[in-house]
Amino acid sequence: MRIAACFIVGLALLTGCEKNQGIAPERMADAIFAVIEADRANYTNEVVNRLQNEEKILNADEHWQDKKLLPLPAQMMRMGAERVAERESGFNYALLSLWPVNKQNKPRTEMEKVGLQYVIDNPGKNFYGREKLGDTEYFTAVYADVGVSPACVSCHNDHVDSPRDNFELGETMGGVVIRIPL
Amino acid sequence: MKSYQFKFWHYGLLLTLVVGSLAAYNLTIADKSFFISGESTHGHHQIELACTSCHADGFAGEKAIQQSCLNCHAEELELADDSHPRKKFLDPRNAQLLETLDARQCVSCHTEHKQEVTREMGVSLAGDFCFHCHSDIAEERSSHKGMGFETCASAGCHNYHDNGTLYEDFLVAHVGQPDLLEEPKLPARTAMQLWLQEHPDKQPLKVEQADVKISEVPVEIVTAWAQSAHAQADVNCSKCHADGQMQFNSIEIVEQCASCHSEQKESFTQGKHGMRLSSKLPENFTEQVGVMSPHLARVPMQSDASGELNCTSCHGAHEVDVKFAAVEACLNCHNDEHSLAYKESPHFETWKANSEEGVSCASCHLPREVDGEQVVVNHNQNHNLRPNEKMLPVCLNCHGAEFSLAAMANKVLISQNFKYKPEKKHKTFELIRDRIAKISNSKNKQTKSQ
C-alpha cells in the first residue's frame, strides 16, 4: 500500500514538473528556425529565382513598392521579423551577416559576432548562448543562412556595397539570430 | 450678536475651494484652457483643446499616447514608407541604442507643449539626433566623411520619415534632366470627364430647370449654379438644399459636400484648414471651439481676412469655381512673403496665359494625385510641405529633379516664390554622380573578371 502511494505521488510530481518546465528554449528556437528557413528557401527558390533568374519575368528590388517589383528575400524575411515583433509573440529574429550589403545588418552584440563566426567555422552546427540586452536576459540561437539559390549568390557578389564578391552556392552567407526572453 | 472670528486656515480653505471650483469648471464645462501646459506646435494648435485626442483619459500611459499619434498620422507614415518605423526598433539588439534615443515612441522626438525647444517639423530634440545611431556613416559611405550632423536632414539629403524621393535609385534615375522638361504638364483632373463618359445622354441643366422657386432666389445665385460644374453634372438645387434648408453652418456644409466628395473631405480635414472638422476628434469638439478661421492662423494673414474655413470659403457656394479656388481664394487670406511674391513669379505668368494648364497656388499645394484611372486633388495643403521635398513629385511634372531639388533647398528662392532660377546645383547630385561612377567601375571589374 505504501509503495503504491509513493509511486502515485512520485508520478504526480514528475508530471507536474514536466508541465511547469514547458518547452526548452533550444527546442523552441530550433522549431522557429525550421519554419523561417523553409519559408525563406521557398520564397527565394520558387518565387524570386524562378521569376527573376529563370523565367526573367519580374525582378526583385530593394524599392519593390515604387518599382512594382518583388521584395528581396532578405526584405521578405525582415518584414516577417518586424510583424512578429509588433505582435509581441514572445521571440524575435533577425537576418545578419559578417558581410552585409546593408550595414545595419552587421553583428552588433558580442554574442552575434561570436555566433555568426561559429556557424561559419562549424558547418551543420548551430550556436546557442545567453546574453543580457537592456534589462532582459535572452536565450540566443544563431543558425547558418546558406546561399540556397543562384539569385542569392549573384546578387550579393554583384552588389556595389557588398564587402565580398566571391560567395559560392551552398556557402554560409550569414546567420539567422533568434532570441527568446528568459 | 457675536461676530464670527475667521482664522487663518479658514481663508486657506476658502481659497482652495474657489481655485478648485474654477479648475473643475474649466476642465469639465469650459474649454480646458487652464490645463494647457505650454504653447502647442504649429501642427496641433488648432486642436489643442481636444485634450483627450492625444491624452486619452489623462492616465492612460505611454502606449495610449503613442496610439493617439498613430490615430492621425499612421496612414501618412505608411504612404511615405517610413524610413524609421517603430517596428524597426523592436528587435532587442537595439536595446543599447534605445537607451540613448527611444525611437519606438513618437514623443521621444516630438514632445508637445515645449515651444521653446521645438524646431521645424515639430522636432523637440537637439539637431544632432541622427548622429546617435549613424556616427559611423563615413565608414560605409566615404563620401560622407567630414559632413556635420546639421547636414543629415537638410533639404535634399535625408529625412527621418519620408525619403520617397530622396533614395539613391530614384535620384540616379532622375539625374541629368533639363531644368524645364520638353512637355511640362500637370495631370488633368478626371472627375468631370469620367462622369460625362458614364452619362453620355445627360445634358447640362439650365436656369429654368432649377428645382427651387426661382422667384424666391436671387437671380445671380441661380445663374452662378447654371454655369457651374454641378449643373453640368445633373446636380440640381435640391441635392444640397434637401428639405428646403437654405442656410448651413460650416459643419453642415462640409458634411453636405462630403456626401459626394468624400475623398476631398478626408484630405481637407487632415490639413490645417479643415483639421477641426476631423471625424477623429472628440464628439462635439467643433461645436464647442468653432471651425478654423484666418485670425487663428500662425502664419501672416491679410488684416481683412475673415470667416470660417469650409468648402465654400474657396469654391463658393454656387459657383464651385476651381479657378478662383486655385489662386484668389488663397491670396485673399495669406499675407506671407511667398504668397505675396506669387504674382511676380514665372509660375503666375503661365497661369495668366492658361488657367487650365498654368501653375497656380493649388497646382503645388493641392497636388493632383493619380489613383488608378482617377486623378484626385489632395485637399490637405500641408501634405507635401512636411518636409518640402515631398513636393518633388509635383515639381517633376514640369522640371528636372536637379533643378527642383536645388530650388526646394533654397529658402530665399522659396520666399521669392521661385522668381529666379536656382544658381547652385544641389550637393546631393554631385554625390549621386560619384556613386554612378562607382557602380559603373564595379560592373566593369565584374565583366573583366568573367
# chains A, B, ... in the order shown; residues from 1 in each chain; ligands from 1
call {"tool": "interface_residues", "arguments": {"of": "chain B", "to": "chain A", "cutoff": "7 Å", "atoms": "only C-alpha atoms", "output": "PyMOL selection string"}}
result
chain B and resi 87-88+90-93+95-96+439+442
call {"tool": "residues_around", "arguments": {"residues": "Asn105 of chain A", "least_positions_apart": "4", "cutoff": "9 Å", "atoms": "only C-alpha atoms", "output": "list in words"}}
result
Ala94, Leu95, Leu96, Ser97, Leu98, Trp99, Pro100 and Val101 of chain A
call {"tool": "residues_around", "arguments": {"residues": "Ser250 of chain B", "least_positions_apart": "2", "cutoff": "12 Å", "atoms": "only C-alpha atoms", "output": "ChimeraX atom specification"}}
result
/B:247-248,252-257,274,276-277,286-287,290-293,307-313,317
call {"tool": "atom_distance", "arguments": {"atom1": "atom CA of Ala23 of chain B", "atom2": "atom CA of Gly58 of chain B"}}
result
15.5 Å
call {"tool": "residues_around", "arguments": {"residues": "Phe418 of chain B", "least_positions_apart": "2", "cutoff": "10 Å", "atoms": "only C-alpha atoms", "output": "number ranges by chain"}}
result
B: 338, 341-342, 344-347, 407-408, 410-416, 420-422
call {"tool": "write_last_selection", "arguments": {"atoms": "N, CA and C atoms", "output": "PDB file, in the first residue's frame"}}
result
ATOM      1  N   HIS B 338       6.077  84.572 -49.393  1.00  0.00           N
ATOM      2  CA  HIS B 338       5.950  83.616 -50.510  1.00  0.00           C
ATOM      3  C   HIS B 338       4.647  83.840 -51.278  1.00  0.00           C
ATOM      4  N   ALA B 341       4.592  87.100 -53.265  1.00  0.00           N
ATOM      5  CA  ALA B 341       5.515  87.129 -54.408  1.00  0.00           C
ATOM      6  C   ALA B 341       4.988  86.328 -55.601  1.00  0.00           C
ATOM      7  N   TYR B 342       3.904  85.588 -55.394  1.00  0.00           N
ATOM      8  CA  TYR B 342       3.422  84.705 -56.469  1.00  0.00           C
ATOM      9  C   TYR B 342       3.137  85.461 -57.770  1.00  0.00           C
ATOM     10  N   GLU B 344       4.491  87.852 -58.997  1.00  0.00           N
ATOM     11  CA  GLU B 344       5.709  88.327 -59.669  1.00  0.00           C
ATOM     12  C   GLU B 344       6.481  87.149 -60.267  1.00  0.00           C
ATOM     13  N   SER B 345       5.936  85.945 -60.144  1.00  0.00           N
ATOM     14  CA  SER B 345       6.717  84.752 -60.495  1.00  0.00           C
ATOM     15  C   SER B 345       6.407  84.261 -61.910  1.00  0.00           C
ATOM     16  N   PRO B 346       7.358  83.516 -62.498  1.00  0.00           N
ATOM     17  CA  PRO B 346       7.099  82.902 -63.811  1.00  0.00           C
ATOM     18  C   PRO B 346       5.911  81.932 -63.761  1.00  0.00           C
ATOM     19  N   HIS B 347       5.699  81.302 -62.585  1.00  0.00           N
ATOM     20  CA  HIS B 347       4.547  80.399 -62.455  1.00  0.00           C
ATOM     21  C   HIS B 347       3.244  81.155 -62.720  1.00  0.00           C
ATOM     22  N   ALA B 407      16.008  74.123 -55.994  1.00  0.00           N
ATOM     23  CA  ALA B 407      15.035  75.181 -55.691  1.00  0.00           C
ATOM     24  C   ALA B 407      14.400  74.953 -54.321  1.00  0.00           C
ATOM     25  N   MET B 408      14.039  73.698 -54.014  1.00  0.00           N
ATOM     26  CA  MET B 408      13.371  73.409 -52.742  1.00  0.00           C
ATOM     27  C   MET B 408      14.308  73.617 -51.545  1.00  0.00           C
ATOM     28  N   ASN B 410      16.495  76.043 -51.357  1.00  0.00           N
ATOM     29  CA  ASN B 410      16.909  77.445 -51.306  1.00  0.00           C
ATOM     30  C   ASN B 410      15.809  78.295 -50.662  1.00  0.00           C
ATOM     31  N   LYS B 411      16.022  78.670 -49.391  1.00  0.00           N
ATOM     32  CA  LYS B 411      14.965  79.366 -48.641  1.00  0.00           C
ATOM     33  C   LYS B 411      14.670  80.750 -49.215  1.00  0.00           C
ATOM     34  N   VAL B 412      15.699  81.420 -49.726  1.00  0.00           N
ATOM     35  CA  VAL B 412      15.481  82.750 -50.306  1.00  0.00           C
ATOM     36  C   VAL B 412      14.589  82.621 -51.543  1.00  0.00           C
ATOM     37  N   LEU B 413      14.913  81.638 -52.346  1.00  0.00           N
ATOM     38  CA  LEU B 413      14.127  81.412 -53.567  1.00  0.00           C
ATOM     39  C   LEU B 413      12.667  81.054 -53.235  1.00  0.00           C
ATOM     40  N   ILE B 414      12.480  80.306 -52.183  1.00  0.00           N
ATOM     41  CA  ILE B 414      11.123  79.944 -51.769  1.00  0.00           C
ATOM     42  C   ILE B 414      10.354  81.201 -51.366  1.00  0.00           C
ATOM     43  N   SER B 415      11.013  82.061 -50.578  1.00  0.00           N
ATOM     44  CA  SER B 415      10.312  83.286 -50.145  1.00  0.00           C
ATOM     45  C   SER B 415      10.003  84.184 -51.341  1.00  0.00           C
ATOM     46  N   GLN B 416      10.829  84.093 -52.387  1.00  0.00           N
ATOM     47  CA  GLN B 416      10.572  84.888 -53.595  1.00  0.00           C
ATOM     48  C   GLN B 416       9.628  84.172 -54.564  1.00  0.00           C
ATOM     49  N   TYR B 420      13.345  83.514 -59.527  1.00  0.00           N
ATOM     50  CA  TYR B 420      14.569  83.280 -60.299  1.00  0.00           C
ATOM     51  C   TYR B 420      14.889  81.794 -60.296  1.00  0.00           C
ATOM     52  N   LYS B 421      15.831  81.439 -61.164  1.00  0.00           N
ATOM     53  CA  LYS B 421      16.280  80.043 -61.189  1.00  0.00           C
ATOM     54  C   LYS B 421      17.302  79.825 -60.077  1.00  0.00           C
ATOM     55  N   PRO B 422      17.377  78.620 -59.500  1.00  0.00           N
ATOM     56  CA  PRO B 422      18.430  78.369 -58.501  1.00  0.00           C
ATOM     57  C   PRO B 422      19.796  78.456 -59.167  1.00  0.00           C
TER      58      PRO B 422
END
call {"tool": "select_by_dssp", "arguments": {"residues": "segment 2-168 of chain A", "states": "strand (DSSP E or B)", "output": "ChimeraX atom specification"}}
result
/A:60,70,92-96,127-133,136-146
call {"tool": "write_last_selection", "arguments": {"atoms": "N, CA and C atoms", "output": "mmCIF file, in the first residue's frame"}}
result
data_model
loop_
_atom_site.group_PDB
_atom_site.id
_atom_site.type_symbol
_atom_site.label_atom_id
_atom_site.label_comp_id
_atom_site.auth_asym_id
_atom_site.auth_seq_id
_atom_site.Cartn_x
_atom_site.Cartn_y
_atom_site.Cartn_z
ATOM 1 N N ALA A 60 13.428 41.181 -58.469
ATOM 2 C CA ALA A 60 13.289 41.609 -57.067
ATOM 3 C C ALA A 60 14.160 42.847 -56.898
ATOM 4 N N LEU A 70 9.315 42.598 -56.989
ATOM 5 C CA LEU A 70 9.251 41.699 -55.823
ATOM 6 C C LEU A 70 10.174 42.200 -54.713
ATOM 7 N N ASN A 92 12.055 37.048 -30.977
ATOM 8 C CA ASN A 92 12.439 37.939 -32.073
ATOM 9 C C ASN A 92 13.437 37.219 -32.960
ATOM 10 N N TYR A 93 13.503 37.608 -34.198
ATOM 11 C CA TYR A 93 14.561 37.046 -35.045
ATOM 12 C C TYR A 93 15.061 38.094 -36.018
ATOM 13 N N ALA A 94 16.278 37.857 -36.514
ATOM 14 C CA ALA A 94 16.899 38.817 -37.439
ATOM 15 C C ALA A 94 17.843 38.067 -38.368
ATOM 16 N N LEU A 95 18.034 38.625 -39.540
ATOM 17 C CA LEU A 95 18.964 38.058 -40.513
ATOM 18 C C LEU A 95 20.204 38.949 -40.536
ATOM 19 N N LEU A 96 21.328 38.391 -40.127
ATOM 20 C CA LEU A 96 22.555 39.186 -40.009
ATOM 21 C C LEU A 96 23.686 38.533 -40.796
ATOM 22 N N PHE A 127 24.568 27.632 -33.043
ATOM 23 C CA PHE A 127 25.197 28.257 -31.873
ATOM 24 C C PHE A 127 24.107 28.629 -30.867
ATOM 25 N N TYR A 128 24.325 28.315 -29.600
ATOM 26 C CA TYR A 128 23.358 28.676 -28.558
ATOM 27 C C TYR A 128 24.063 29.416 -27.423
ATOM 28 N N GLY A 129 23.405 30.402 -26.840
ATOM 29 C CA GLY A 129 24.004 31.118 -25.720
ATOM 30 C C GLY A 129 22.974 31.966 -24.991
ATOM 31 N N ARG A 130 23.441 32.670 -23.984
ATOM 32 C CA ARG A 130 22.571 33.582 -23.228
ATOM 33 C C ARG A 130 23.245 34.938 -23.173
ATOM 34 N N GLU A 131 22.460 36.005 -23.321
ATOM 35 C CA GLU A 131 23.031 37.363 -23.249
ATOM 36 C C GLU A 131 22.005 38.297 -22.621
ATOM 37 N N LYS A 132 22.526 39.368 -22.017
ATOM 38 C CA LYS A 132 21.631 40.354 -21.404
ATOM 39 C C LYS A 132 21.626 41.616 -22.263
ATOM 40 N N LEU A 133 20.457 41.991 -22.726
ATOM 41 C CA LEU A 133 20.312 43.207 -23.531
ATOM 42 C C LEU A 133 19.319 44.122 -22.822
ATOM 43 N N THR A 136 16.835 42.755 -19.897
ATOM 44 C CA THR A 136 16.286 41.418 -20.122
ATOM 45 C C THR A 136 17.369 40.421 -20.519
ATOM 46 N N GLU A 137 17.257 39.219 -19.972
ATOM 47 C CA GLU A 137 18.179 38.161 -20.381
ATOM 48 C C GLU A 137 17.516 37.342 -21.487
ATOM 49 N N TYR A 138 18.295 37.014 -22.505
ATOM 50 C CA TYR A 138 17.748 36.287 -23.657
ATOM 51 C C TYR A 138 18.490 34.981 -23.871
ATOM 52 N N PHE A 139 17.725 33.967 -24.322
ATOM 53 C CA PHE A 139 18.347 32.794 -24.919
ATOM 54 C C PHE A 139 18.548 33.144 -26.383
ATOM 55 N N THR A 140 19.782 33.072 -26.856
ATOM 56 C CA THR A 140 20.092 33.487 -28.229
ATOM 57 C C THR A 140 20.617 32.298 -29.027
ATOM 58 N N ALA A 141 19.996 32.057 -30.164
ATOM 59 C CA ALA A 141 20.450 30.972 -31.035
ATOM 60 C C ALA A 141 20.818 31.546 -32.391
ATOM 61 N N VAL A 142 21.895 31.049 -32.963
ATOM 62 C CA VAL A 142 22.318 31.514 -34.298
ATOM 63 C C VAL A 142 22.384 30.306 -35.235
ATOM 64 N N TYR A 143 21.733 30.418 -36.384
ATOM 65 C CA TYR A 143 21.688 29.344 -37.375
ATOM 66 C C TYR A 143 22.315 29.835 -38.673
ATOM 67 N N ALA A 144 22.997 28.969 -39.351
ATOM 68 C CA ALA A 144 23.646 29.360 -40.612
ATOM 69 C C ALA A 144 22.594 29.702 -41.663
ATOM 70 N N ASP A 145 22.838 30.801 -42.399
ATOM 71 C CA ASP A 145 21.978 31.141 -43.529
ATOM 72 C C ASP A 145 22.795 30.867 -44.789
ATOM 73 N N VAL A 146 22.367 29.834 -45.493
ATOM 74 C CA VAL A 146 23.158 29.343 -46.620
ATOM 75 C C VAL A 146 22.601 29.888 -47.930
#
call {"tool": "closest_residue", "arguments": {"among": "B:Gln374, B:Gln227, B:Thr428, B:Ser363", "to": "Leu186 of chain B", "atoms": "only C-alpha atoms"}}
result
B:Ser363
call {"tool": "residues_around", "arguments": {"residues": "Asn59 of chain A", "least_positions_apart": "2", "cutoff": "12 Å", "atoms": "only C-alpha atoms", "output": "list in words"}}
result
Thr44, Val47, Val48, Asn49, Arg50, Leu51, Gln52, Asn53, Glu54, Glu55, Lys56, Ile57, Asp61, Glu62, His63, Trp64, Lys67, Lys68, Leu69, Leu70, Pro71, Leu72, Pro73, Ala151 and Cys155 of chain A
call {"tool": "write_last_selection", "arguments": {"atoms": "N, CA and C atoms", "output": "PDB file, in the first residue's frame"}}
result
ATOM      1  N   THR A  44      12.774  32.291 -51.909  1.00  0.00           N
ATOM      2  CA  THR A  44      13.970  32.553 -52.720  1.00  0.00           C
ATOM      3  C   THR A  44      13.975  31.694 -53.989  1.00  0.00           C
ATOM      4  N   VAL A  47       9.936  31.699 -55.931  1.00  0.00           N
ATOM      5  CA  VAL A  47       9.394  32.991 -56.392  1.00  0.00           C
ATOM      6  C   VAL A  47      10.505  33.827 -57.050  1.00  0.00           C
ATOM      7  N   VAL A  48      11.490  34.231 -56.261  1.00  0.00           N
ATOM      8  CA  VAL A  48      12.494  35.167 -56.802  1.00  0.00           C
ATOM      9  C   VAL A  48      13.353  34.511 -57.871  1.00  0.00           C
ATOM     10  N   ASN A  49      13.960  33.394 -57.534  1.00  0.00           N
ATOM     11  CA  ASN A  49      14.868  32.778 -58.510  1.00  0.00           C
ATOM     12  C   ASN A  49      14.111  32.378 -59.783  1.00  0.00           C
ATOM     13  N   ARG A  50      12.900  31.846 -59.614  1.00  0.00           N
ATOM     14  CA  ARG A  50      12.122  31.415 -60.790  1.00  0.00           C
ATOM     15  C   ARG A  50      11.742  32.612 -61.660  1.00  0.00           C
ATOM     16  N   LEU A  51      11.141  33.639 -61.024  1.00  0.00           N
ATOM     17  CA  LEU A  51      10.645  34.771 -61.824  1.00  0.00           C
ATOM     18  C   LEU A  51      11.768  35.673 -62.342  1.00  0.00           C
ATOM     19  N   GLN A  52      12.799  35.833 -61.519  1.00  0.00           N
ATOM     20  CA  GLN A  52      13.864  36.775 -61.914  1.00  0.00           C
ATOM     21  C   GLN A  52      14.958  36.104 -62.753  1.00  0.00           C
ATOM     22  N   ASN A  53      15.467  34.988 -62.274  1.00  0.00           N
ATOM     23  CA  ASN A  53      16.640  34.400 -62.929  1.00  0.00           C
ATOM     24  C   ASN A  53      16.287  33.386 -64.006  1.00  0.00           C
ATOM     25  N   GLU A  54      15.210  32.590 -63.794  1.00  0.00           N
ATOM     26  CA  GLU A  54      14.904  31.536 -64.773  1.00  0.00           C
ATOM     27  C   GLU A  54      13.951  32.029 -65.850  1.00  0.00           C
ATOM     28  N   GLU A  55      12.773  32.520 -65.435  1.00  0.00           N
ATOM     29  CA  GLU A  55      11.776  32.937 -66.428  1.00  0.00           C
ATOM     30  C   GLU A  55      11.944  34.395 -66.840  1.00  0.00           C
ATOM     31  N   LYS A  56      12.734  35.130 -66.103  1.00  0.00           N
ATOM     32  CA  LYS A  56      13.044  36.535 -66.419  1.00  0.00           C
ATOM     33  C   LYS A  56      11.784  37.372 -66.664  1.00  0.00           C
ATOM     34  N   ILE A  57      10.818  37.204 -65.775  1.00  0.00           N
ATOM     35  CA  ILE A  57       9.542  37.924 -65.887  1.00  0.00           C
ATOM     36  C   ILE A  57       9.531  39.152 -64.986  1.00  0.00           C
ATOM     37  N   ASP A  61      13.679  43.799 -56.091  1.00  0.00           N
ATOM     38  CA  ASP A  61      14.412  45.058 -55.963  1.00  0.00           C
ATOM     39  C   ASP A  61      14.171  45.648 -54.574  1.00  0.00           C
ATOM     40  N   GLU A  62      15.181  46.353 -54.072  1.00  0.00           N
ATOM     41  CA  GLU A  62      15.055  46.975 -52.747  1.00  0.00           C
ATOM     42  C   GLU A  62      13.837  47.902 -52.694  1.00  0.00           C
ATOM     43  N   HIS A  63      13.615  48.653 -53.763  1.00  0.00           N
ATOM     44  CA  HIS A  63      12.481  49.586 -53.783  1.00  0.00           C
ATOM     45  C   HIS A  63      11.315  48.977 -54.553  1.00  0.00           C
ATOM     46  N   TRP A  64      10.902  47.795 -54.117  1.00  0.00           N
ATOM     47  CA  TRP A  64       9.913  46.996 -54.826  1.00  0.00           C
ATOM     48  C   TRP A  64       8.551  47.667 -54.905  1.00  0.00           C
ATOM     49  N   LYS A  67       8.812  50.500 -57.621  1.00  0.00           N
ATOM     50  CA  LYS A  67       9.091  49.972 -58.961  1.00  0.00           C
ATOM     51  C   LYS A  67       8.153  48.837 -59.358  1.00  0.00           C
ATOM     52  N   LYS A  68       7.195  48.514 -58.481  1.00  0.00           N
ATOM     53  CA  LYS A  68       6.223  47.430 -58.738  1.00  0.00           C
ATOM     54  C   LYS A  68       6.950  46.104 -59.014  1.00  0.00           C
ATOM     55  N   LEU A  69       7.905  45.769 -58.148  1.00  0.00           N
ATOM     56  CA  LEU A  69       8.671  44.536 -58.310  1.00  0.00           C
ATOM     57  C   LEU A  69       8.548  43.677 -57.052  1.00  0.00           C
ATOM     58  N   LEU A  70       9.315  42.598 -56.989  1.00  0.00           N
ATOM     59  CA  LEU A  70       9.251  41.699 -55.823  1.00  0.00           C
ATOM     60  C   LEU A  70      10.174  42.200 -54.713  1.00  0.00           C
ATOM     61  N   PRO A  71       9.788  41.998 -53.448  1.00  0.00           N
ATOM     62  CA  PRO A  71      10.739  42.302 -52.359  1.00  0.00           C
ATOM     63  C   PRO A  71      11.928  41.346 -52.435  1.00  0.00           C
ATOM     64  N   LEU A  72      13.089  41.823 -52.046  1.00  0.00           N
ATOM     65  CA  LEU A  72      14.257  40.949 -51.967  1.00  0.00           C
ATOM     66  C   LEU A  72      14.003  39.894 -50.888  1.00  0.00           C
ATOM     67  N   PRO A  73      14.597  38.696 -51.027  1.00  0.00           N
ATOM     68  CA  PRO A  73      14.386  37.670 -49.986  1.00  0.00           C
ATOM     69  C   PRO A  73      14.730  38.166 -48.582  1.00  0.00           C
ATOM     70  N   ALA A 151      20.210  33.139 -57.230  1.00  0.00           N
ATOM     71  CA  ALA A 151      19.768  34.525 -57.020  1.00  0.00           C
ATOM     72  C   ALA A 151      20.478  35.144 -55.819  1.00  0.00           C
ATOM     73  N   CYS A 155      23.393  38.103 -56.571  1.00  0.00           N
ATOM     74  CA  CYS A 155      23.009  39.428 -56.100  1.00  0.00           C
ATOM     75  C   CYS A 155      24.054  39.970 -55.114  1.00  0.00           C
TER      76      CYS A 155
END
